[in-house]
>>> print(open('model_9.txt').read())   # compact mmCIF, C-alpha atoms
# COMPACT_ATOMS: atom_id res chain seq x y z
CA MET A 1 0.37 -18.64 21.20
CA SER A 2 2.11 -15.32 22.08
CA GLU A 3 0.41 -12.78 24.31
CA ILE A 4 0.01 -10.35 21.39
CA ALA A 5 -1.48 -13.03 19.14
CA SER A 6 -3.85 -14.06 21.91
CA ASP A 7 -4.92 -10.43 22.44
CA GLU A 8 -5.39 -10.01 18.68
CA ALA A 9 -7.73 -12.98 18.50
CA ALA A 10 -9.65 -11.77 21.54
CA VAL A 11 -10.04 -8.26 20.11
CA GLU A 12 -11.24 -9.64 16.78
CA ARG A 13 -13.97 -11.53 18.64
CA LEU A 14 -14.90 -8.40 20.59
CA VAL A 15 -15.21 -6.37 17.41
CA LYS A 16 -17.25 -9.08 15.72
CA ASP A 17 -19.64 -9.32 18.69
CA PHE A 18 -19.88 -5.51 18.87
CA LEU A 19 -20.78 -5.21 15.19
CA THR A 20 -23.41 -7.91 15.57
CA GLU A 21 -25.01 -5.87 18.34
CA HIS A 22 -24.51 -2.53 16.53
CA PRO A 23 -24.84 -3.16 12.76
CA PRO A 24 -23.32 -0.16 10.91
CA GLU A 25 -26.03 -0.21 8.27
CA THR A 26 -28.83 0.32 10.82
CA THR A 27 -27.06 2.12 13.70
CA ASP A 28 -26.64 5.89 13.82
CA ASP A 29 -22.96 6.63 13.25
CA ARG A 30 -22.45 8.81 16.32
CA GLU A 31 -24.38 6.35 18.49
CA LEU A 32 -22.17 3.55 17.22
CA ARG A 33 -19.00 5.49 17.98
CA ALA A 34 -20.21 6.33 21.50
CA ALA A 35 -20.93 2.65 22.16
CA ARG A 36 -17.56 1.73 20.67
CA PHE A 37 -15.82 4.12 23.06
CA ASP A 38 -17.68 2.67 26.04
CA ALA A 39 -16.69 -0.85 24.93
CA GLY A 40 -12.98 0.07 24.91
CA LEU A 41 -12.75 -0.29 21.13
CA ALA A 42 -11.99 3.34 20.32
CA TYR A 43 -8.28 3.19 21.20
CA VAL A 44 -7.59 -0.32 22.50
CA HIS A 45 -4.20 0.77 23.87
CA PHE A 46 -5.76 3.47 26.08
CA ASP A 47 -6.65 2.79 29.70
CA LYS A 48 -9.94 1.11 30.55
CA GLY A 49 -12.70 3.63 31.06
CA PHE A 50 -11.16 6.05 28.57
CA GLY A 51 -11.96 4.31 25.29
CA GLY A 52 -9.43 1.51 25.61
CA LEU A 53 -8.64 -1.91 26.99
CA GLY A 54 -5.04 -1.33 28.11
CA LEU A 55 -3.67 -3.50 25.30
CA ASP A 56 -0.64 -3.10 23.04
CA SER A 57 -0.70 -0.11 20.68
CA SER A 58 0.17 -2.34 17.71
CA LEU A 59 -3.42 -3.66 17.81
CA ALA A 60 -4.98 -0.22 17.19
CA PRO A 61 -4.59 -0.12 13.36
CA MET A 62 -6.08 -3.61 13.09
CA VAL A 63 -9.15 -2.60 15.11
CA GLU A 64 -9.69 0.52 13.03
CA GLN A 65 -9.44 -1.49 9.82
CA LEU A 66 -11.98 -4.03 11.07
CA PHE A 67 -14.52 -1.26 11.60
CA LEU A 68 -13.76 0.30 8.21
CA ASP A 69 -14.12 -3.09 6.50
CA ALA A 70 -17.52 -3.46 8.16
CA GLY A 71 -18.73 -0.24 6.51
CA CYS A 72 -18.24 2.23 9.37
CA GLU A 73 -17.46 5.80 8.38
CA ASP A 74 -13.84 6.91 8.35
CA TRP A 75 -13.80 9.94 10.63
CA LEU A 76 -10.10 10.68 10.27
CA PRO A 77 -10.52 13.17 7.38
CA ARG A 78 -13.17 15.05 9.40
CA ASN A 79 -11.25 15.17 12.70
CA VAL A 80 -7.67 14.39 11.77
CA ILE A 81 -6.18 16.58 14.51
CA GLY A 82 -8.49 15.18 17.18
CA LEU A 83 -8.23 11.51 16.33
CA GLY A 84 -4.64 11.49 15.13
CA MET A 85 -3.01 13.81 17.67
CA ALA A 86 -5.20 15.31 20.39
CA ALA A 87 -6.53 12.01 21.76
CA GLN A 88 -3.04 10.58 22.22
CA THR A 89 -1.80 13.79 23.85
CA VAL A 90 -4.73 14.09 26.26
CA HIS A 91 -4.46 10.43 27.23
CA THR A 92 -0.71 10.66 27.82
CA HIS A 93 -0.52 13.98 29.65
CA GLY A 94 -4.05 14.77 30.84
CA THR A 95 -5.54 14.21 34.26
CA ASP A 96 -8.36 11.70 34.65
CA GLU A 97 -10.78 14.64 34.75
CA GLN A 98 -9.41 15.96 31.45
CA ARG A 99 -9.55 12.53 29.87
CA ALA A 100 -13.18 12.11 30.96
CA GLN A 101 -14.07 15.56 29.64
CA TYR A 102 -12.38 15.46 26.25
CA LEU A 103 -11.85 11.94 24.90
CA LYS A 104 -15.38 10.67 24.29
CA PRO A 105 -16.84 13.74 22.50
CA LEU A 106 -13.63 13.87 20.46
CA PHE A 107 -14.05 10.27 19.34
CA THR A 108 -17.77 10.54 18.57
CA GLY A 109 -17.21 13.63 16.44
CA GLU A 110 -19.26 15.86 18.71
CA GLU A 111 -16.18 18.05 19.12
CA ILE A 112 -13.73 18.71 16.28
CA TRP A 113 -10.18 19.70 17.22
CA CYS A 114 -7.50 21.90 15.67
CA GLN A 115 -3.82 22.52 16.39
CA LEU A 116 -2.60 26.00 17.38
CA PHE A 117 1.15 25.55 17.03
CA SER A 118 2.73 27.40 14.07
CA GLU A 119 3.09 31.17 13.95
CA PRO A 120 4.25 33.58 11.22
CA GLY A 121 7.71 33.61 12.81
CA ALA A 122 7.76 30.08 14.21
CA GLY A 123 7.05 27.23 11.81
CA SER A 124 9.89 24.78 11.35
CA ASP A 125 11.47 26.31 14.46
CA LEU A 126 8.33 25.82 16.53
CA ALA A 127 10.05 26.46 19.87
CA ALA A 128 10.62 30.08 18.80
CA LEU A 129 6.88 30.81 19.08
CA GLY A 130 5.88 34.08 20.72
CA ALA A 131 2.19 33.78 21.69
CA ARG A 132 2.07 34.72 25.38
CA ALA A 133 0.03 33.12 28.16
CA ILE A 134 0.18 35.31 31.27
CA PRO A 135 -1.16 33.96 34.59
CA ASP A 136 -4.21 35.85 35.83
CA GLY A 137 -6.16 34.52 38.80
CA ASP A 138 -7.40 30.99 38.05
CA GLY A 139 -6.36 31.11 34.42
CA TYR A 140 -4.16 32.61 31.74
CA VAL A 141 -4.66 35.54 29.39
CA VAL A 142 -3.41 34.61 25.91
CA ASN A 143 -2.36 36.99 23.15
CA GLY A 144 -0.76 36.10 19.83
CA GLN A 145 -1.30 34.82 16.32
CA LYS A 146 -1.33 31.25 15.02
CA ILE A 147 -1.26 30.25 11.37
CA TRP A 148 -1.85 27.25 9.08
CA THR A 149 -4.49 25.99 11.52
CA SER A 150 -6.38 23.19 9.78
CA PHE A 151 -10.16 23.26 10.35
CA ALA A 152 -10.11 25.98 12.99
CA HIS A 153 -13.33 27.23 11.34
CA VAL A 154 -15.22 24.10 12.44
CA ALA A 155 -13.24 23.21 15.59
CA ARG A 156 -14.59 23.37 19.14
CA ARG A 157 -11.23 22.63 20.80
CA GLY A 158 -7.68 23.63 19.98
CA LEU A 159 -4.29 22.32 21.10
CA LEU A 160 -2.47 25.49 22.09
CA VAL A 161 1.21 25.98 22.89
CA ALA A 162 2.05 29.41 24.33
CA ARG A 163 4.99 31.05 26.10
CA THR A 164 4.57 31.39 29.85
CA ASP A 165 8.15 32.46 30.68
CA PRO A 166 10.16 34.55 28.19
CA ASP A 167 13.14 34.60 30.56
CA LEU A 168 13.86 30.91 29.93
CA PRO A 169 15.41 29.38 26.78
CA LYS A 170 12.84 28.84 24.05
CA HIS A 171 12.20 25.13 24.67
CA ARG A 172 11.77 25.54 28.44
CA GLY A 173 9.43 28.52 28.71
CA LEU A 174 6.38 26.96 27.03
CA SER A 175 3.14 25.56 28.41
CA TYR A 176 0.41 23.53 26.72
CA PHE A 177 -3.33 24.22 26.87
CA VAL A 178 -6.65 23.01 25.53
CA LEU A 179 -8.41 26.08 24.13
CA ASP A 180 -12.17 26.37 23.81
CA MET A 181 -12.47 27.91 20.32
CA THR A 182 -15.71 29.68 21.31
CA THR A 183 -13.82 31.75 23.91
CA PRO A 184 -14.17 35.54 23.48
CA GLY A 185 -11.03 36.93 21.85
CA VAL A 186 -10.53 33.97 19.45
CA GLU A 187 -10.85 35.10 15.82
CA VAL A 188 -10.53 32.66 12.89
CA ARG A 189 -9.73 33.93 9.39
CA PRO A 190 -9.53 31.73 6.26
CA LEU A 191 -6.31 31.15 4.29
CA ARG A 192 -7.15 30.43 0.67
CA GLN A 193 -5.01 27.75 -0.95
CA LEU A 194 -3.84 27.12 -4.49
CA THR A 195 -6.81 24.78 -4.97
CA GLY A 196 -9.33 27.48 -4.05
CA GLN A 197 -10.13 25.74 -0.78
CA ALA A 198 -9.51 27.27 2.64
CA GLU A 199 -9.06 24.32 4.97
CA PHE A 200 -6.25 26.26 6.69
CA ASN A 201 -6.78 29.35 8.82
CA GLU A 202 -4.99 32.04 10.77
CA VAL A 203 -6.16 32.47 14.35
CA TYR A 204 -5.83 35.70 16.34
CA LEU A 205 -5.88 35.48 20.14
CA THR A 206 -6.70 38.77 21.85
CA ASP A 207 -6.97 38.62 25.65
CA ALA A 208 -8.43 35.13 25.38
CA VAL A 209 -8.81 33.57 28.83
CA VAL A 210 -7.87 29.92 29.33
CA PRO A 211 -8.70 28.32 32.71
CA ALA A 212 -5.75 26.77 34.54
CA ALA A 213 -7.74 23.51 34.61
CA ASP A 214 -7.32 23.37 30.81
CA ARG A 215 -3.53 23.23 30.95
CA LEU A 216 -2.05 19.86 29.90
CA GLY A 217 1.04 19.01 31.91
CA ALA A 218 2.89 21.28 34.29
CA VAL A 219 3.85 24.88 33.66
CA GLY A 220 6.95 24.95 31.48
CA GLU A 221 6.44 21.39 30.14
CA GLY A 222 4.80 22.56 26.92
CA TRP A 223 7.61 21.37 24.67
CA ARG A 224 7.57 17.85 26.13
CA VAL A 225 3.79 17.62 25.67
CA ALA A 226 4.06 19.08 22.16
CA MET A 227 6.52 16.35 21.21
CA THR A 228 3.84 13.75 21.94
CA THR A 229 1.48 15.62 19.61
CA LEU A 230 4.06 15.99 16.84
CA MET A 231 5.21 12.36 16.94
CA ASN A 232 1.61 11.20 16.68
CA GLU A 233 0.93 13.76 13.95
CA ARG A 234 3.65 12.32 11.74
CA VAL A 235 2.45 8.77 12.30
CA ALA A 236 -1.16 9.80 11.57
CA ILE A 237 -0.20 11.65 8.39
CA GLY A 238 2.03 8.82 7.25
CA ARG A 239 -0.55 6.13 8.01
CA ARG A 240 -3.37 8.03 6.35
CA GLY A 241 -1.06 8.89 3.47
CA SER A 242 -0.32 5.21 3.02
CA ARG A 243 -4.06 4.49 2.88
CA ARG A 244 -4.56 7.31 0.37
CA GLY A 245 -1.41 6.30 -1.46
CA ALA A 246 -2.96 3.01 -2.47
CA GLY A 247 -5.79 4.99 -4.07
CA ALA A 248 -3.37 7.46 -5.63
CA ILE A 249 -1.29 4.78 -7.33
CA GLY A 250 -4.51 3.15 -8.50
CA ALA A 251 -5.53 6.49 -10.02
CA ALA A 252 -2.13 6.71 -11.71
CA VAL A 253 -2.60 3.26 -13.26
CA ALA A 254 -6.01 4.32 -14.59
CA GLU A 255 -4.54 7.56 -15.96
CA PHE A 256 -1.76 5.62 -17.68
CA ARG A 257 -4.18 3.22 -19.35
CA GLU A 258 -6.31 6.10 -20.62
CA ALA A 259 -3.25 7.99 -21.84
CA ALA A 260 -1.84 4.90 -23.54
CA ALA A 261 -5.12 4.32 -25.38
CA ALA A 262 -5.01 7.96 -26.57
CA GLY A 263 -1.36 7.70 -27.63
CA ARG A 264 -0.06 10.04 -24.90
CA ALA A 265 1.93 7.44 -22.88
CA ASP A 266 5.25 5.98 -23.91
CA ALA A 267 7.83 3.63 -22.37
CA SER A 268 9.27 6.38 -20.15
CA ALA A 269 5.82 7.03 -18.63
CA ARG A 270 5.42 3.31 -17.99
CA ASP A 271 8.82 3.25 -16.33
CA ARG A 272 7.82 6.17 -14.04
CA LEU A 273 4.59 4.39 -13.13
CA VAL A 274 6.31 1.11 -12.24
CA ARG A 275 8.92 2.90 -10.13
CA LEU A 276 6.21 4.79 -8.27
CA TRP A 277 4.19 1.60 -7.73
CA THR A 278 7.32 -0.02 -6.25
CA ARG A 279 7.85 2.94 -3.90
CA ALA A 280 4.19 2.89 -2.85
CA GLU A 281 4.37 -0.82 -2.05
CA ALA A 282 7.61 -0.36 -0.11
CA ALA A 283 5.96 2.44 1.86
CA ARG A 284 2.95 0.26 2.63
CA LEU A 285 5.14 -2.57 3.89
CA THR A 286 7.23 -0.13 5.96
CA ASN A 287 4.05 1.07 7.68
CA VAL A 288 2.97 -2.53 8.30
CA ARG A 289 6.33 -3.25 9.91
CA ALA A 290 6.17 -0.10 12.03
CA ALA A 291 2.65 -0.97 13.20
CA ALA A 292 3.86 -4.40 14.26
CA GLN A 293 6.38 -2.98 16.75
CA ARG A 294 5.44 -4.15 20.23
CA GLY A 295 4.96 -2.10 23.34
CA ALA A 296 5.35 1.38 21.85
CA LYS A 297 2.94 3.57 23.81
CA VAL A 298 4.27 6.80 22.27
CA PRO A 299 5.68 6.87 18.71
CA GLY A 300 9.37 7.62 18.34
CA PRO A 301 11.23 9.63 15.71
CA GLU A 302 10.91 6.71 13.29
CA GLY A 303 7.40 8.05 12.58
CA SER A 304 9.12 10.70 10.50
CA ILE A 305 9.93 7.98 7.94
CA ALA A 306 6.25 7.45 7.13
CA LYS A 307 5.56 11.17 6.95
CA LEU A 308 8.57 11.87 4.71
CA GLN A 309 7.90 9.08 2.23
CA MET A 310 4.18 9.95 2.03
CA ALA A 311 4.89 13.61 1.24
CA GLU A 312 7.43 13.02 -1.49
CA LEU A 313 5.67 10.01 -3.02
CA ASN A 314 2.27 11.68 -3.12
CA LYS A 315 3.66 14.65 -5.06
CA ALA A 316 5.43 12.37 -7.54
CA ILE A 317 2.33 10.22 -8.17
CA PHE A 318 0.03 13.15 -8.91
CA GLU A 319 2.69 14.87 -10.99
CA LEU A 320 2.71 11.79 -13.21
CA CYS A 321 -1.09 11.86 -13.40
CA VAL A 322 -1.09 15.49 -14.53
CA ASP A 323 1.68 14.81 -17.07
CA LEU A 324 -0.35 11.95 -18.52
CA ARG A 325 -3.27 14.32 -19.12
CA GLY A 326 -1.22 16.38 -21.57
CA ASN A 327 -2.60 19.87 -22.16
CA ASP A 328 -5.72 18.97 -20.20
CA GLY A 329 -3.53 18.66 -17.11
CA MET A 330 -3.01 22.43 -17.13
CA GLN A 331 -6.71 23.30 -17.00
CA ILE A 332 -9.12 23.37 -14.08
CA GLU A 333 -12.76 24.36 -13.78
CA GLY A 334 -12.36 27.23 -11.33
CA TYR A 335 -10.88 28.46 -8.09
CA GLU A 336 -13.97 29.53 -6.16
CA MET A 337 -13.16 29.62 -2.45
CA SER A 338 -14.74 26.95 -0.26
CA ARG A 339 -14.18 26.04 3.38
CA PRO A 340 -14.30 22.22 3.58
CA ASP A 341 -15.09 20.28 6.74
CA ARG A 342 -12.74 17.41 5.94
CA SER A 343 -9.14 17.01 4.91
CA SER A 344 -7.92 16.51 1.37
CA GLY A 345 -4.32 16.55 2.56
CA ALA A 346 -3.28 13.17 1.20
CA GLY A 347 -4.71 13.64 -2.25
CA GLY A 348 -8.33 13.04 -1.43
CA SER A 349 -9.68 15.22 -4.24
CA THR A 350 -11.52 13.40 -7.01
CA ASP A 351 -10.04 15.84 -9.53
CA ILE A 352 -6.50 14.80 -10.46
CA ARG A 353 -5.41 18.39 -11.11
CA ARG A 354 -6.68 19.63 -7.75
CA ALA A 355 -5.13 16.60 -6.07
CA TRP A 356 -1.76 17.53 -7.59
CA LEU A 357 -2.07 21.15 -6.47
CA ARG A 358 -2.99 20.02 -2.95
CA SER A 359 -0.15 17.49 -2.80
CA LEU A 360 2.41 20.30 -3.05
CA ALA A 361 1.65 21.15 0.58
CA ASN A 362 2.37 17.61 1.79
CA SER A 363 6.10 18.29 2.14
CA ILE A 364 5.40 21.38 4.32
CA GLU A 365 2.47 20.54 6.61
CA GLY A 366 3.05 18.40 9.68
CA GLY A 367 6.78 19.17 9.58
CA THR A 368 8.70 19.93 6.40
CA SER A 369 10.59 17.19 4.59
CA GLU A 370 13.81 18.99 5.53
CA VAL A 371 12.89 18.80 9.23
CA MET A 372 11.97 15.12 8.84
CA ARG A 373 15.40 14.39 7.36
CA ASN A 374 17.07 16.23 10.24
CA ILE A 375 15.11 14.17 12.77
CA LEU A 376 15.96 10.91 11.04
CA GLY A 377 19.61 11.88 10.65
CA GLU A 378 20.13 13.01 14.23
CA ARG A 379 17.75 10.84 16.28
CA VAL A 380 17.67 7.62 14.26
CA LEU A 381 21.01 7.47 12.44
CA GLY A 382 23.00 9.31 15.11
CA LEU A 383 24.55 11.86 12.73
CA PRO A 384 25.95 15.17 14.05
CA GLY A 385 23.22 17.68 14.85
CA GLU A 386 22.52 21.03 13.26
CA PRO A 387 24.28 23.98 14.97
CA ARG A 388 21.96 25.45 17.61
CA VAL A 389 23.43 28.68 18.93
CA ASP A 390 20.32 29.75 20.88
CA ARG A 391 19.82 26.58 22.91
CA ASP A 392 20.74 28.13 26.26
CA VAL A 393 19.76 31.76 25.55
CA ALA A 394 16.66 33.30 27.13
CA TRP A 395 13.90 33.58 24.53
CA LYS A 396 13.56 37.32 25.09
CA ASP A 397 17.26 37.79 24.22
CA VAL A 398 17.19 35.87 20.93
CA PRO A 399 17.27 38.24 17.90
CA ARG A 400 14.12 38.07 15.79
>>> encode(input="model_9.txt", output="structure tokens")
Amino acid sequence: MSEIASDEAAVERLVKDFLTEHPPETTDDRELRAARFDAGLAYVHFDKGFGGLGLDSSLAPMVEQLFLDAGCEDWLPRNVIGLGMAAQTVHTHGTDEQRAQYLKPLFTGEEIWCQLFSEPGAGSDLAALGARAIPDGDGYVVNGQKIWTSFAHVARRGLLVARTDPDLPKHRGLSYFVLDMTTPGVEVRPLRQLTGQAEFNEVYLTDAVVPAADRLGAVGEGWRVAMTTLMNERVAIGRRGSRRGAGAIGAAVAEFREAAAAGRADASARDRLVRLWTRAEAARLTNVRAAAQRGAKVPGPEGSIAKLQMAELNKAIFELCVDLRGNDGMQIEGYEMSRPDRSSGAGGSTDIRRAWLRSLANSIEGGTSEVMRNILGERVLGLPGEPRVDRDVAWKDVPR
């Protein structure tokens, strides 16, 4: 038996024994998650003492699925930034003190996280961001604006990238911080979406003080740390999208059957459905293959494959669903603004029309589909890169 197979069998026994001792149906959810963290079954590939067992990262999806199959709550929609991105970043780049401070309350759901990356003038070109973090005593004073910040209105912590040296080229003058969202000078404003929801926000930082102890990585290493976050973000979105995609294609099948019974579906609609089912199954198998890769502690650019296929496939599936509704697909009950506490980003809405409206953002959030194709072309296929005329120019000298 291989080492991985042996570890897999051992972890399965650990999970089984844990669930016997902490039955999901009678154990408080947060209490269960705290005990799971202490047992090393939160992130089995993390170091011992920090929610893991030091095992191969390919075992992590299996462990999560075992807990979901046992009836445990799926916390990813409620803390997608924390569980999908922040935990990996803190574990990779944080000190032991930072790991001890942040990882457990993140996993239990006591602290929700958000991601303070994009700005009005720095989205796809993230390294062009202009929020400033100026050293001041034992900390930094931060000023700037962030935008498209998912769940900032319920978050306690934020992953913040800010510019600490404008005299360096844009990629080299950045530093990475963990921001306490209750800090004076942090203002969160809702951004209302096409669905009526406001799960995104804009965040204004006005003389907000961040202690130096809350910096992740060294000064000027912000871009390197941010790459860990972004690679994990794409994997998390792609993996969750694959999980949602199974439900989405199931919804499309149900819509087709209803439309066919009402005389609204023809052979062309059936052909679209079968093609989409084939793409969804290919995407699922691609994610299974990616999860089976051994020894990958930090995801590589291949994670962009999962994110790209999820975004484009999700839009196509819900577009078919709306088309199958006929005239009813153009109507919706209302657009009253709400501020949800969980993500609907992969088509989680129970209303097909809202799910289609929400899916239109999938090819923008977490890196646009165009950026994903550039990453895959340059870093996976080895194609010539895009022209980058500002690579070695000081940020302050780049025209904006």
>>> closest_residue(input="model_9.txt", among="A:Lys396, A:Arg264, A:Arg78, A:His93", to="Gly109 of chain A", atoms="all atoms listed in the file")
A:Arg78
>>> closest_residue(input="model_9.txt", among="A:Ser359, A:Glu12, A:Arg354, A:Gly326", to="Met310 of chain A", atoms="only C-alpha atoms")
A:Ser359
>>> residues_around(input="model_9.txt", residues="segment 15-19 of chain A", least_positions_apart="2", cutoff="10 Å", atoms="only C-alpha atoms", output="PyMOL selection string")
chain A and resi 10-13+21-24+27+32+35-36+39+41+63-64+66-67+70+72
>>> atom_distance(input="model_9.txt", atom1="atom CA of Asn314 of chain A", atom2="atom CA of Ala248 of chain A")
7.5 Å
>>> atom_distance(input="model_9.txt", atom1="atom CA of Leu174 of chain A", atom2="atom CA of Ala133 of chain A")
8.9 Å
>>> closest_residue(input="model_9.txt", among="A:Met330, A:Ala86, A:Ala198, A:Met227", to="Arg358 of chain A", atoms="all atoms listed in the file")
A:Ala198
>>> atom_distance(input="model_9.txt", atom1="atom CA of Thr229 of chain A", atom2="atom CA of Phe117 of chain A")
10.3 Å
>>> residues_around(input="model_9.txt", residues="Leu376 of chain A", least_positions_apart="6", cutoff="12 Å", atoms="all atoms listed in the file", output="mmCIF file with C-alpha atoms, keeping the file's coordinate frame")
data_model
loop_
_atom_site.group_PDB
_atom_site.id
_atom_site.type_symbol
_atom_site.label_atom_id
_atom_site.label_comp_id
_atom_site.auth_asym_id
_atom_site.auth_seq_id
_atom_site.Cartn_x
_atom_site.Cartn_y
_atom_site.Cartn_z
ATOM 1 C CA GLY A 300 9.370 7.620 18.340
ATOM 2 C CA PRO A 301 11.230 9.630 15.710
ATOM 3 C CA GLU A 302 10.910 6.710 13.290
ATOM 4 C CA GLY A 303 7.400 8.050 12.580
ATOM 5 C CA SER A 304 9.120 10.700 10.500
ATOM 6 C CA ILE A 305 9.930 7.980 7.940
ATOM 7 C CA ALA A 306 6.250 7.450 7.130
ATOM 8 C CA LYS A 307 5.560 11.170 6.950
ATOM 9 C CA LEU A 308 8.570 11.870 4.710
ATOM 10 C CA SER A 369 10.590 17.190 4.590
ATOM 11 C CA GLU A 370 13.810 18.990 5.530
ATOM 12 C CA GLY A 382 23.000 9.310 15.110
ATOM 13 C CA LEU A 383 24.550 11.860 12.730
ATOM 14 C CA PRO A 384 25.950 15.170 14.050
ATOM 15 C CA GLY A 385 23.220 17.680 14.850
#
>>> closest_residue(input="model_9.txt", among="A:Leu324, A:Ala265, A:Val209, A:Leu285", to="Val141 of chain A", atoms="all atoms listed in the file")
A:Val209
>>> residues_around(input="model_9.txt", residues="segment 272-276 of chain A", least_positions_apart="6", cutoff="10 Å", atoms="all atoms listed in the file", output="list in words")
Ile249, Ala252, Val253, Phe256, Ala282, Leu313, Asn314, Ala316, Ile317, Leu320 and Cys321 of chain A
>>> build_atoms(input="model_9.txt", residues="segment 102-119 of chain A", atoms="N, CA and C atoms", output="PDB file, in the coordinates of the input")
ATOM      1  N   TYR A 102     -12.703  15.222  27.647  1.00  0.00           N
ATOM      2  CA  TYR A 102     -12.380  15.460  26.250  1.00  0.00           C
ATOM      3  C   TYR A 102     -12.464  14.231  25.332  1.00  0.00           C
ATOM      4  N   LEU A 103     -12.093  13.054  25.819  1.00  0.00           N
ATOM      5  CA  LEU A 103     -11.850  11.940  24.900  1.00  0.00           C
ATOM      6  C   LEU A 103     -13.098  11.421  24.203  1.00  0.00           C
ATOM      7  N   LYS A 104     -14.198  11.262  24.930  1.00  0.00           N
ATOM      8  CA  LYS A 104     -15.380  10.670  24.290  1.00  0.00           C
ATOM      9  C   LYS A 104     -15.995  11.597  23.242  1.00  0.00           C
ATOM     10  N   PRO A 105     -16.278  12.888  23.555  1.00  0.00           N
ATOM     11  CA  PRO A 105     -16.840  13.740  22.500  1.00  0.00           C
ATOM     12  C   PRO A 105     -15.894  13.943  21.327  1.00  0.00           C
ATOM     13  N   LEU A 106     -14.597  13.823  21.561  1.00  0.00           N
ATOM     14  CA  LEU A 106     -13.630  13.870  20.460  1.00  0.00           C
ATOM     15  C   LEU A 106     -13.834  12.667  19.547  1.00  0.00           C
ATOM     16  N   PHE A 107     -13.950  11.486  20.144  1.00  0.00           N
ATOM     17  CA  PHE A 107     -14.050  10.270  19.340  1.00  0.00           C
ATOM     18  C   PHE A 107     -15.388  10.184  18.596  1.00  0.00           C
ATOM     19  N   THR A 108     -16.459  10.640  19.226  1.00  0.00           N
ATOM     20  CA  THR A 108     -17.770  10.540  18.570  1.00  0.00           C
ATOM     21  C   THR A 108     -17.926  11.578  17.461  1.00  0.00           C
ATOM     22  N   GLY A 109     -17.075  12.575  17.436  1.00  0.00           N
ATOM     23  CA  GLY A 109     -17.210  13.630  16.440  1.00  0.00           C
ATOM     24  C   GLY A 109     -18.043  14.797  16.917  1.00  0.00           C
ATOM     25  N   GLU A 110     -18.502  14.737  18.153  1.00  0.00           N
ATOM     26  CA  GLU A 110     -19.260  15.860  18.710  1.00  0.00           C
ATOM     27  C   GLU A 110     -18.402  17.110  18.780  1.00  0.00           C
ATOM     28  N   GLU A 111     -17.107  16.927  19.054  1.00  0.00           N
ATOM     29  CA  GLU A 111     -16.180  18.050  19.120  1.00  0.00           C
ATOM     30  C   GLU A 111     -15.018  17.815  18.158  1.00  0.00           C
ATOM     31  N   ILE A 112     -14.850  18.739  17.209  1.00  0.00           N
ATOM     32  CA  ILE A 112     -13.730  18.710  16.280  1.00  0.00           C
ATOM     33  C   ILE A 112     -12.580  19.506  16.898  1.00  0.00           C
ATOM     34  N   TRP A 113     -11.360  19.067  16.630  1.00  0.00           N
ATOM     35  CA  TRP A 113     -10.180  19.700  17.220  1.00  0.00           C
ATOM     36  C   TRP A 113      -9.286  20.309  16.133  1.00  0.00           C
ATOM     37  N   CYS A 114      -8.519  21.325  16.537  1.00  0.00           N
ATOM     38  CA  CYS A 114      -7.500  21.900  15.670  1.00  0.00           C
ATOM     39  C   CYS A 114      -6.206  22.055  16.470  1.00  0.00           C
ATOM     40  N   GLN A 115      -5.162  22.496  15.792  1.00  0.00           N
ATOM     41  CA  GLN A 115      -3.820  22.520  16.390  1.00  0.00           C
ATOM     42  C   GLN A 115      -3.228  23.924  16.250  1.00  0.00           C
ATOM     43  N   LEU A 116      -3.087  24.623  17.360  1.00  0.00           N
ATOM     44  CA  LEU A 116      -2.600  26.000  17.380  1.00  0.00           C
ATOM     45  C   LEU A 116      -1.127  26.009  17.760  1.00  0.00           C
ATOM     46  N   PHE A 117      -0.290  25.634  16.801  1.00  0.00           N
ATOM     47  CA  PHE A 117       1.150  25.550  17.030  1.00  0.00           C
ATOM     48  C   PHE A 117       1.893  26.643  16.247  1.00  0.00           C
ATOM     49  N   SER A 118       1.904  26.529  14.914  1.00  0.00           N
ATOM     50  CA  SER A 118       2.730  27.400  14.070  1.00  0.00           C
ATOM     51  C   SER A 118       2.313  28.858  14.172  1.00  0.00           C
ATOM     52  N   GLU A 119       3.301  29.730  13.986  1.00  0.00           N
ATOM     53  CA  GLU A 119       3.090  31.170  13.950  1.00  0.00           C
ATOM     54  C   GLU A 119       3.830  31.744  12.749  1.00  0.00           C
TER      55      GLU A 119
END
